[in-house]
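Source file protein.txt; content: compact mmCIF, C-alpha atoms.
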```
# COMPACT_ATOMS: atom_id res chain seq x y z
CA MET A 1 323.39 70.44 62.86
CA TYR A 2 324.93 67.00 62.57
CA SER A 3 324.63 66.38 66.32
CA LYS A 4 320.99 67.46 66.21
CA TRP A 5 320.06 64.85 63.56
CA LYS A 6 322.18 62.26 65.29
CA TRP A 7 320.20 62.82 68.49
CA ILE A 8 316.85 62.56 66.64
CA SER A 9 318.01 59.38 64.92
CA PHE A 10 318.99 57.94 68.28
CA LEU A 11 315.47 58.56 69.59
CA LEU A 12 313.79 57.07 66.53
CA LEU A 13 315.83 53.86 66.43
CA PRO A 14 313.85 52.05 69.18
CA LEU A 15 310.58 53.01 67.48
CA ALA A 16 311.84 51.71 64.16
CA TYR A 17 312.92 48.47 65.81
CA LEU A 18 309.51 47.94 67.43
CA LEU A 19 307.73 48.72 64.19
CA GLY A 20 309.91 46.21 62.37
CA CYS A 21 309.15 43.51 64.94
CA ALA A 22 305.44 44.18 64.67
CA LEU A 23 305.54 43.90 60.89
CA ALA A 24 307.57 40.69 61.11
CA ASP A 25 305.14 39.16 63.59
CA GLY A 26 302.19 40.16 61.45
CA ALA A 27 303.75 38.64 58.36
CA GLY A 28 304.54 35.39 60.17
CA ALA A 29 301.21 35.04 62.00
CA GLN A 30 298.72 32.56 60.54
CA PRO A 31 295.05 33.52 60.28
CA TYR A 32 292.53 31.57 62.35
CA PRO A 33 291.96 28.73 61.88
CA SER A 34 295.25 27.32 60.60
CA ARG A 35 294.60 23.70 61.66
CA PRO A 36 291.66 21.38 62.36
CA ILE A 37 289.23 22.25 65.16
CA ARG A 38 287.88 19.76 67.68
CA MET A 39 284.20 19.89 68.63
CA ILE A 40 283.38 17.97 71.81
CA VAL A 41 279.91 16.41 71.76
CA PRO A 42 279.09 15.20 75.30
CA TYR A 43 276.90 12.26 74.20
CA PRO A 44 277.49 9.15 72.07
CA PRO A 45 276.25 8.76 68.50
CA GLY A 46 272.58 7.81 68.29
CA GLY A 47 270.99 10.62 70.26
CA SER A 48 269.83 14.07 69.19
CA THR A 49 273.00 15.86 70.32
CA ASP A 50 275.30 14.04 67.92
CA PRO A 51 273.48 14.94 64.67
CA ALA A 52 273.20 18.56 65.82
CA GLY A 53 276.92 18.71 66.50
CA ARG A 54 277.77 17.11 63.17
CA ALA A 55 275.51 19.53 61.29
CA PHE A 56 277.29 22.56 62.77
CA ALA A 57 280.70 20.90 62.40
CA ALA A 58 280.09 20.37 58.68
CA TRP A 59 278.90 23.96 58.20
CA LEU A 60 281.80 25.48 60.13
CA GLY A 61 284.34 23.27 58.39
CA GLU A 62 283.15 24.53 55.02
CA ALA A 63 282.92 28.16 56.16
CA LEU A 64 286.27 28.29 57.98
CA GLY A 65 288.25 26.22 55.52
CA GLN A 66 289.41 23.73 58.15
CA GLN A 67 288.03 20.38 59.21
CA VAL A 68 285.94 20.42 62.38
CA VAL A 69 286.30 17.00 63.98
CA VAL A 70 283.50 15.73 66.23
CA ASP A 71 284.82 14.14 69.42
CA ASN A 72 282.08 12.19 71.25
CA ARG A 73 282.76 12.19 75.01
CA PRO A 74 279.70 10.68 76.76
CA GLY A 75 279.08 9.90 80.40
CA ALA A 76 277.69 11.27 83.66
CA GLY A 77 274.72 12.98 82.03
CA SER A 78 276.98 14.93 79.64
CA THR A 79 279.09 16.44 82.44
CA ILE A 80 282.26 14.54 81.45
CA GLY A 81 282.29 16.15 78.02
CA HIS A 82 281.49 19.56 79.48
CA GLY A 83 284.40 19.22 81.91
CA LEU A 84 286.78 18.41 79.06
CA GLY A 85 285.55 21.45 77.18
CA ALA A 86 286.09 23.71 80.16
CA ARG A 87 289.67 22.50 80.70
CA ALA A 88 290.77 22.76 77.05
CA ALA A 89 293.24 25.39 75.89
CA PRO A 90 291.43 28.69 75.17
CA ASP A 91 292.93 29.04 71.69
CA GLY A 92 289.85 28.56 69.54
CA TYR A 93 290.76 25.00 68.51
CA THR A 94 288.41 23.26 70.96
CA LEU A 95 284.68 23.93 70.87
CA LEU A 96 281.94 22.34 72.96
CA LEU A 97 278.41 21.57 71.91
CA GLY A 98 276.97 22.56 75.29
CA THR A 99 273.61 21.20 76.39
CA SER A 100 270.95 22.32 78.82
CA GLY A 101 271.74 19.13 80.73
CA GLY A 102 275.39 19.96 81.34
CA LEU A 103 274.92 23.70 81.75
CA ALA A 104 271.62 23.99 83.64
CA THR A 105 269.84 20.89 84.90
CA SER A 106 272.78 18.89 86.25
CA PRO A 107 274.22 21.92 88.09
CA ALA A 108 270.74 22.78 89.38
CA LEU A 109 270.32 19.24 90.68
CA GLY A 110 273.50 19.60 92.72
CA THR A 111 275.52 17.10 90.70
CA LYS A 112 279.23 17.23 91.56
CA LEU A 113 280.95 18.93 88.63
CA SER A 114 284.53 19.57 87.56
CA TYR A 115 283.52 22.93 86.05
CA ASP A 116 281.46 26.04 86.70
CA PRO A 117 278.73 26.30 84.03
CA VAL A 118 278.88 30.11 84.03
CA LYS A 119 282.49 31.03 84.82
CA ASP A 120 284.45 28.36 82.93
CA PHE A 121 283.04 28.92 79.44
CA ALA A 122 282.92 31.61 76.79
CA PRO A 123 279.44 31.19 75.26
CA ILE A 124 279.40 31.49 71.47
CA GLY A 125 275.75 31.10 70.56
CA LEU A 126 272.54 29.12 70.86
CA GLY A 127 272.11 26.62 68.03
CA VAL A 128 268.93 24.55 68.29
CA TYR A 129 265.97 23.56 70.41
CA ALA A 130 265.29 19.83 70.71
CA PRO A 131 261.72 19.04 71.86
CA PHE A 132 261.29 15.85 73.86
CA MET A 133 258.82 13.13 72.98
CA LEU A 134 257.28 10.99 75.74
CA ALA A 135 257.48 7.49 74.30
CA VAL A 136 256.53 4.14 75.82
CA HIS A 137 257.06 0.50 74.94
CA PRO A 138 254.24 -0.58 72.57
CA GLY A 139 253.32 -3.42 74.90
CA LEU A 140 252.46 -1.01 77.71
CA PRO A 141 248.66 -0.73 78.05
CA ALA A 142 248.61 3.08 77.80
CA ALA A 143 247.47 4.77 74.60
CA ASN A 144 247.72 8.33 75.93
CA LEU A 145 249.13 10.37 78.80
CA LYS A 146 246.06 10.01 81.03
CA GLU A 147 246.17 6.22 80.72
CA PHE A 148 249.91 6.25 81.39
CA ILE A 149 249.45 8.27 84.57
CA ALA A 150 246.63 5.98 85.73
CA LEU A 151 248.76 2.88 85.08
CA SER A 152 251.75 4.41 86.86
CA LYS A 153 249.62 5.16 89.92
CA ALA A 154 248.14 1.66 89.95
CA GLN A 155 251.48 -0.14 89.43
CA PRO A 156 254.25 2.21 90.55
CA ALA A 157 256.97 -0.44 90.64
CA ARG A 158 256.23 -1.52 87.07
CA ILE A 159 257.41 1.64 85.29
CA ASN A 160 261.13 1.90 84.56
CA PHE A 161 261.72 5.41 83.25
CA ALA A 162 264.85 5.54 81.10
CA SER A 163 266.98 8.66 80.57
CA PRO A 164 270.33 9.58 78.96
CA GLY A 165 271.75 10.14 82.44
CA VAL A 166 271.14 11.49 85.92
CA GLY A 167 270.42 15.21 85.88
CA THR A 168 269.74 15.42 82.15
CA PRO A 169 266.69 17.41 81.02
CA ASN A 170 265.11 14.09 80.00
CA HIS A 171 265.50 12.82 83.56
CA LEU A 172 264.32 15.99 85.26
CA GLY A 173 261.37 16.19 82.88
CA ALA A 174 260.36 12.74 84.11
CA GLU A 175 260.82 13.86 87.71
CA LEU A 176 258.70 16.94 87.05
CA LEU A 177 256.02 14.78 85.43
CA LYS A 178 256.06 12.50 88.46
CA VAL A 179 255.56 15.38 90.86
CA MET A 180 252.86 17.11 88.81
CA ALA A 181 250.93 13.90 88.09
CA GLY A 182 251.47 12.29 91.50
CA PHE A 183 252.92 8.89 90.62
CA GLN A 184 256.14 6.93 91.18
CA PHE A 185 258.62 5.22 88.86
CA VAL A 186 262.09 3.64 88.87
CA HIS A 187 264.71 5.81 87.15
CA ILE A 188 267.15 3.95 84.88
CA PRO A 189 270.01 6.22 83.68
CA TYR A 190 272.08 5.43 80.56
CA LYS A 191 275.10 7.02 78.86
CA GLY A 192 273.05 8.71 76.16
CA GLY A 193 269.73 8.70 74.36
CA GLY A 194 270.76 5.98 71.91
CA PRO A 195 271.39 3.26 74.54
CA ALA A 196 268.26 4.34 76.44
CA VAL A 197 265.97 3.95 73.46
CA VAL A 198 267.48 0.53 72.64
CA ASP A 199 266.49 -0.77 76.08
CA LEU A 200 263.07 0.87 75.75
CA MET A 201 262.42 -1.05 72.53
CA ALA A 202 263.68 -4.23 74.19
CA GLY A 203 261.20 -3.81 77.04
CA ARG A 204 263.82 -3.37 79.77
CA ALA A 205 262.41 0.13 80.26
CA GLN A 206 258.83 1.25 79.79
CA ALA A 207 259.02 5.01 79.21
CA LEU A 208 261.41 7.73 78.05
CA PHE A 209 261.47 11.45 77.36
CA GLY A 210 263.50 11.14 74.17
CA GLY A 211 264.75 13.49 71.49
CA ILE A 212 262.80 13.26 68.26
CA PRO A 213 265.89 12.44 66.12
CA TYR A 214 266.40 9.11 67.86
CA THR A 215 262.85 8.41 69.12
CA GLY A 216 260.63 9.56 66.26
CA PRO A 217 261.80 7.02 63.64
CA HIS A 218 261.05 4.13 66.01
CA VAL A 219 257.60 5.58 66.70
CA THR A 220 256.93 5.83 62.96
CA ALA A 221 258.08 2.22 62.51
CA GLY A 222 255.82 1.00 65.32
CA ARG A 223 258.64 -0.07 67.61
CA LEU A 224 257.63 2.59 70.16
CA ARG A 225 254.45 4.51 70.95
CA ALA A 226 254.48 8.29 71.40
CA ILE A 227 251.88 9.58 73.86
CA ALA A 228 252.86 13.24 74.37
CA ILE A 229 255.36 15.99 73.57
CA GLY A 230 257.27 17.93 76.24
CA HIS A 231 257.24 21.15 74.23
CA PRO A 232 254.72 23.74 75.53
CA LEU A 233 252.75 23.48 72.26
CA ARG A 234 252.17 20.81 69.63
CA LEU A 235 254.76 20.60 66.88
CA ASP A 236 253.99 21.18 63.21
CA SER A 237 255.91 18.00 62.42
CA TRP A 238 253.78 15.95 64.86
CA PRO A 239 250.41 17.75 64.87
CA ASP A 240 248.43 14.81 66.27
CA LEU A 241 250.71 14.37 69.27
CA PRO A 242 249.32 16.34 72.24
CA ALA A 243 251.55 18.38 74.53
CA VAL A 244 251.89 17.21 78.12
CA ALA A 245 250.69 20.70 79.06
CA GLU A 246 247.26 19.88 77.61
CA THR A 247 246.83 17.41 80.48
CA LEU A 248 249.14 19.05 83.04
CA PRO A 249 249.00 22.84 82.49
CA GLY A 250 252.34 24.56 82.90
CA PHE A 251 254.48 21.54 82.05
CA THR A 252 257.42 22.20 79.74
CA ASN A 253 260.52 20.15 78.99
CA THR A 254 262.49 21.15 75.89
CA THR A 255 266.25 20.93 75.71
CA TRP A 256 268.65 23.15 73.77
CA TYR A 257 272.19 23.02 72.43
CA GLY A 258 274.71 25.72 71.65
CA LEU A 259 278.42 26.22 71.06
CA LEU A 260 280.86 27.33 73.73
CA ALA A 261 284.62 27.66 74.07
CA PRO A 262 286.82 27.60 77.18
CA ALA A 263 286.86 30.85 79.14
CA GLY A 264 289.58 33.15 77.86
CA THR A 265 289.16 32.27 74.19
CA PRO A 266 289.86 35.37 72.05
CA ARG A 267 286.79 37.51 71.40
CA ALA A 268 287.57 37.63 67.68
CA VAL A 269 287.25 33.83 67.50
CA ILE A 270 283.99 33.84 69.46
CA ASN A 271 282.47 36.50 67.20
CA ARG A 272 283.57 34.80 63.99
CA ILE A 273 282.06 31.43 64.93
CA ASN A 274 278.89 33.13 66.16
CA ALA A 275 278.54 34.88 62.80
CA GLU A 276 278.87 31.56 60.96
CA MET A 277 276.28 29.92 63.25
CA LYS A 278 273.81 32.68 62.40
CA LYS A 279 274.46 32.16 58.69
CA ALA A 280 273.80 28.44 59.15
CA VAL A 281 270.38 28.80 60.78
CA ALA A 282 269.39 31.36 58.15
CA ASN A 283 270.21 28.92 55.36
CA ALA A 284 267.13 27.12 53.97
CA GLU A 285 268.93 23.82 53.30
CA PHE A 286 270.52 23.79 56.75
CA VAL A 287 267.16 24.48 58.41
CA LYS A 288 265.55 21.74 56.30
CA HIS A 289 268.23 19.31 57.49
CA LEU A 290 267.59 20.26 61.13
CA ALA A 291 263.82 19.81 60.71
CA ALA A 292 264.36 16.35 59.21
CA ILE A 293 266.08 15.23 62.42
CA GLY A 294 263.55 16.86 64.75
CA LEU A 295 265.48 19.99 65.68
CA GLU A 296 264.33 23.61 65.61
CA PRO A 297 266.92 26.26 64.61
CA ALA A 298 267.76 29.02 67.08
CA SER A 299 270.35 31.76 67.35
CA SER A 300 271.68 34.34 69.77
CA SER A 301 274.59 36.64 70.42
CA PRO A 302 277.30 35.40 72.82
CA ALA A 303 275.92 37.72 75.52
CA GLU A 304 272.35 36.51 75.00
CA PHE A 305 273.47 32.89 75.24
CA HIS A 306 275.33 33.69 78.46
CA ASP A 307 272.19 35.27 79.93
CA MET A 308 270.07 32.30 78.80
CA ILE A 309 272.35 29.82 80.56
CA ARG A 310 272.08 31.80 83.79
CA ALA A 311 268.29 32.08 83.47
CA GLU A 312 267.86 28.35 82.74
CA LEU A 313 270.10 27.46 85.68
CA GLU A 314 267.94 29.62 87.96
CA ARG A 315 264.70 28.19 86.51
CA TRP A 316 265.65 24.56 87.01
CA THR A 317 267.08 25.28 90.46
CA ARG A 318 263.69 26.72 91.41
CA VAL A 319 261.77 23.79 89.86
CA ILE A 320 263.94 21.23 91.64
CA ARG A 321 263.64 23.01 94.97
CA GLU A 322 259.87 23.40 94.72
CA ALA A 323 259.44 19.78 93.61
CA GLY A 324 261.63 18.52 96.45
CA ILE A 325 263.98 16.64 94.11
CA ARG A 326 267.37 15.74 95.55
CA ALA A 327 270.40 14.41 93.72
CA GLU A 328 270.65 11.36 95.95
CA SER A 329 266.95 10.51 95.61
CA ALA A 330 267.00 10.99 91.85
CA GLN A 331 269.56 8.29 91.18
```

Would you mind writing the file out in structure tokens?
Amino acid sequence: MYSKWKWISFLLLPLAYLLGCALADGAGAQPYPSRPIRMIVPYPPGGSTDPAGRAFAAWLGEALGQQVVVDNRPGAGSTIGHGLGARAAPDGYTLLLGTSGGLATSPALGTKLSYDPVKDFAPIGLGVYAPFMLAVHPGLPAANLKEFIALSKAQPARINFASPGVGTPNHLGAELLKVMAGFQFVHIPYKGGGPAVVDLMAGRAQALFGGIPYTGPHVTAGRLRAIAIGHPLRLDSWPDLPAVAETLPGFTNTTWYGLLAPAGTPRAVINRINAEMKKAVANAEFVKHLAAIGLEPASSSPAEFHDMIRAELERWTRVIREAGIRAESAQ
């Protein structure tokens, strides 16, 4: 009898040891997040990306109980910041505010990248749409899109078209406008929307597809003139501003931002942040804040955001191919 129980005890000892280790690990493990989180924003302050990132950072910081620190990493049409996000440790402590520029238009243009926009990220969720406003220097003799096109055709070397960088949606929207309207311009890339709009106001550039957060206030103050909106339809916030599509049917140029993590980030982290993003865009005060800076709330599941990135990459690749735009000629 004794030997029987001794044998059973011998068999159960390893199981008891493993159970004890598991309980010890569980007791010592810290819940996520246990320290501040970094959110990479791939543009400088002053554009539309930065206020969007800060809005979500503030919401997540409150919801998760840890500070979410915005880390602005501009340059190369947002691809520098995207590359840093892709190479970060997949532990949930580095997030990226991904943009359509870094995830769709720059890759579609053939820009040399340090990351794969589909394979190197774990999409978390879509956050906002950011409609573009076509603004010109107030001294330019063009009160509307038709007059702007006519002027551009008559004086092609006169129009310097600013953008936040080569391959950004702003830039490719200008290229698409050029092809559809049949005129020429000189492309002047900057390291973000803020610097681009400063030069536009100074007269060193004559036109820009700019985000409403950093372009709209200058239009309201009379420092710039808005002549069209790149969104397919007019906006409720700017009802008197016609869509480009009213003159050039089929034209659309609206950017979007969403949160991503490096590939390999735990699914539990992805799902938790996605849930908080959905709570944010369902909150009336949060939505009101977004509207005040010219952004439209949006949401998706991680899988839906993944599919959207792939679809947008395919769409812009097709547009660029059909328009005959090449990376070297778009500089």

Please produce, as CSV, a per-residue contact table for region 73-99 of chain A versus region 164-176 of chain A (criterion: any atom at most 10 Å away, all atoms listed in the file considered), showing the nearest atom pair and its distance in Å to one decimal, sorted by chain then residue number.
```
residue,atom,partner,partner_atom,distance
A:Pro74,CA,A:Pro164,CA,9.7
A:Gly75,CA,A:Gly165,CA,7.6
A:Ala76,CA,A:Gly165,CA,6.2
A:Gly77,CA,A:Gly165,CA,4.1
A:Ser78,CA,A:Gly165,CA,7.6
A:Thr79,CA,A:Gly167,CA,9.4
A:Thr99,CA,A:Thr168,CA,9.0
```

My list of candidates is A:Ala263, A:Leu295, A:Val128, A:Leu145. Which is closest to Ala245 (chain A) when distances are computed with all atoms listed in the file? A:Leu145

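As for CA of Leu126 (chain A) and CA of Ser299 (chain A), they are spaced 4.9 Å apart.
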
Which residue of A:Ser100, A:Thr254, A:Thr94, A:Gln30 approaches His231 (chain A) most closely, using only C-alpha atoms: A:Thr254

Protein and nucleic acid residues near (256.4, 11.5, 64.4) (cut-off 6 Å, only C-alpha atoms) as a PDB file with C-alpha atoms, keeping the file's coordinate frame:
```
ATOM      1  CA  GLY A 216     260.630   9.560  66.260  1.00  0.00           C
ATOM      2  CA  THR A 220     256.930   5.830  62.960  1.00  0.00           C
ATOM      3  CA  TRP A 238     253.780  15.950  64.860  1.00  0.00           C
TER       4      TRP A 238
END
```

Identify which of the residues A:Leu241, A:Ile309, A:Leu233, A:Ala280 lies closest to Leu60 (chain A), counting all atoms listed in the file when measuring atom-to-atom distances. A:Ala280

Taking (260.1, 26.3, 87.3) in the file's coordinates as the center, which residues reach within 12 Å of it, counting only C-alpha atoms, put as a CSV table (one decimal) with C-alpha atoms, in the frame of the given file?
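Writing the result to result.csv gives the following:
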```csv
chain,number,residue,atom,x,y,z
A,105,THR,CA,269.8,20.9,84.9
A,108,ALA,CA,270.7,22.8,89.4
A,172,LEU,CA,264.3,16.0,85.3
A,173,GLY,CA,261.4,16.2,82.9
A,176,LEU,CA,258.7,16.9,87.0
A,180,MET,CA,252.9,17.1,88.8
A,250,GLY,CA,252.3,24.6,82.9
A,251,PHE,CA,254.5,21.5,82.0
A,252,THR,CA,257.4,22.2,79.7
A,253,ASN,CA,260.5,20.2,79.0
A,311,ALA,CA,268.3,32.1,83.5
A,312,GLU,CA,267.9,28.4,82.7
A,313,LEU,CA,270.1,27.5,85.7
A,314,GLU,CA,267.9,29.6,88.0
A,315,ARG,CA,264.7,28.2,86.5
A,316,TRP,CA,265.6,24.6,87.0
A,317,THR,CA,267.1,25.3,90.5
A,318,ARG,CA,263.7,26.7,91.4
A,319,VAL,CA,261.8,23.8,89.9
A,320,ILE,CA,263.9,21.2,91.6
A,321,ARG,CA,263.6,23.0,95.0
A,322,GLU,CA,259.9,23.4,94.7
A,323,ALA,CA,259.4,19.8,93.6
```

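In terms of minimum interatomic distance to Gly61 (chain A), A:Met277 ranks closest within A:Gly210, A:Met277, A:Ala221, A:Gly125, counting only C-alpha atoms.
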
Work out how far apart CA of Gln206 (chain A) and CA of Ala243 (chain A) are and give it in Å to one decimal. 19.3 Å

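Taking CA of Gly264 (chain A) and CA of Phe305 (chain A) as endpoints, the distance between them is 16.3 Å.
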
So which residues touch Gly46 (chain A) within 12 Å, counting all atoms listed in the file, skipping near sequence neighbours fewer than 3 positions away, as a PyMOL selection string? chain A and resi 41+43+49-54+72+74+164+191-198+210-215+217+293

Taking 6 positions as the minimum chain separation for residues in the same chain, which residues sit within 12 Å of Pro31 (chain A) when counting all atoms listed in the file? Answer as a VMD selection string. chain A and resid 64 to 66 92 268 to 269

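Taking all atoms listed in the file into account, Ser300 (chain A) lies nearest to A:Ile273 out of the set A:Ala154, A:Leu140, A:Ile273, A:Val244.
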
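If only C-alpha atoms are the atoms counted, then among A:Pro131, A:Pro262, A:Pro249, A:Gly101 the closest residue to Arg87 (chain A) is A:Pro262.
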
Can you tell me which residues surround Lys178 (chain A) at a distance of at most 9 Å, considering only C-alpha atoms, apart from same-chain residues fewer than 6 positions away, and format the answer as a list in words? Ile149, Gln184 and Phe185 of chain A

Save out the residues we just selected, C-alpha atoms, as an mmCIF file, in the coordinates of the input.
```cif
data_model
loop_
_atom_site.group_PDB
_atom_site.id
_atom_site.type_symbol
_atom_site.label_atom_id
_atom_site.label_comp_id
_atom_site.auth_asym_id
_atom_site.auth_seq_id
_atom_site.Cartn_x
_atom_site.Cartn_y
_atom_site.Cartn_z
ATOM 1 C CA ILE A 149 249.450 8.270 84.570
ATOM 2 C CA GLN A 184 256.140 6.930 91.180
ATOM 3 C CA PHE A 185 258.620 5.220 88.860
#
```

Exercise on region 127-131 of chain A, axis-aligned box with 8 Å per side, report centre and edge lengths in Å to one decimal, as AutoDock Vina command-line options:
```
--center_x 266.9 --center_y 22.8 --center_z 69.9 --size_x 26.4 --size_y 23.6 --size_z 19.8
```

Set the distance at 9 Å and use only C-alpha atoms: which residues neighbour region 95-98 of chain A once local chain neighbours fewer than 3 positions away are removed? I'd like the list as a PDB file with C-alpha atoms, in the coordinates of the input.
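After the write, result_38.pdb holds the following:
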```pdb
ATOM      1  CA  ILE A  37     289.230  22.250  65.160  1.00  0.00           C
ATOM      2  CA  ARG A  38     287.880  19.760  67.680  1.00  0.00           C
ATOM      3  CA  MET A  39     284.200  19.890  68.630  1.00  0.00           C
ATOM      4  CA  ILE A  40     283.380  17.970  71.810  1.00  0.00           C
ATOM      5  CA  VAL A  41     279.910  16.410  71.760  1.00  0.00           C
ATOM      6  CA  PRO A  42     279.090  15.200  75.300  1.00  0.00           C
ATOM      7  CA  THR A  49     273.000  15.860  70.320  1.00  0.00           C
ATOM      8  CA  ALA A  52     273.200  18.560  65.820  1.00  0.00           C
ATOM      9  CA  GLY A  53     276.920  18.710  66.500  1.00  0.00           C
ATOM     10  CA  SER A  78     276.980  14.930  79.640  1.00  0.00           C
ATOM     11  CA  GLY A  81     282.290  16.150  78.020  1.00  0.00           C
ATOM     12  CA  HIS A  82     281.490  19.560  79.480  1.00  0.00           C
ATOM     13  CA  LEU A  84     286.780  18.410  79.060  1.00  0.00           C
ATOM     14  CA  GLY A  85     285.550  21.450  77.180  1.00  0.00           C
ATOM     15  CA  ALA A  86     286.090  23.710  80.160  1.00  0.00           C
ATOM     16  CA  ALA A  88     290.770  22.760  77.050  1.00  0.00           C
ATOM     17  CA  GLY A  92     289.850  28.560  69.540  1.00  0.00           C
ATOM     18  CA  GLY A 101     271.740  19.130  80.730  1.00  0.00           C
ATOM     19  CA  GLY A 102     275.390  19.960  81.340  1.00  0.00           C
ATOM     20  CA  LEU A 103     274.920  23.700  81.750  1.00  0.00           C
ATOM     21  CA  PRO A 123     279.440  31.190  75.260  1.00  0.00           C
ATOM     22  CA  GLY A 127     272.110  26.620  68.030  1.00  0.00           C
ATOM     23  CA  TRP A 256     268.650  23.150  73.770  1.00  0.00           C
ATOM     24  CA  TYR A 257     272.190  23.020  72.430  1.00  0.00           C
ATOM     25  CA  GLY A 258     274.710  25.720  71.650  1.00  0.00           C
ATOM     26  CA  LEU A 259     278.420  26.220  71.060  1.00  0.00           C
ATOM     27  CA  LEU A 260     280.860  27.330  73.730  1.00  0.00           C
ATOM     28  CA  ALA A 261     284.620  27.660  74.070  1.00  0.00           C
ATOM     29  CA  PRO A 262     286.820  27.600  77.180  1.00  0.00           C
TER      30      PRO A 262
END
```
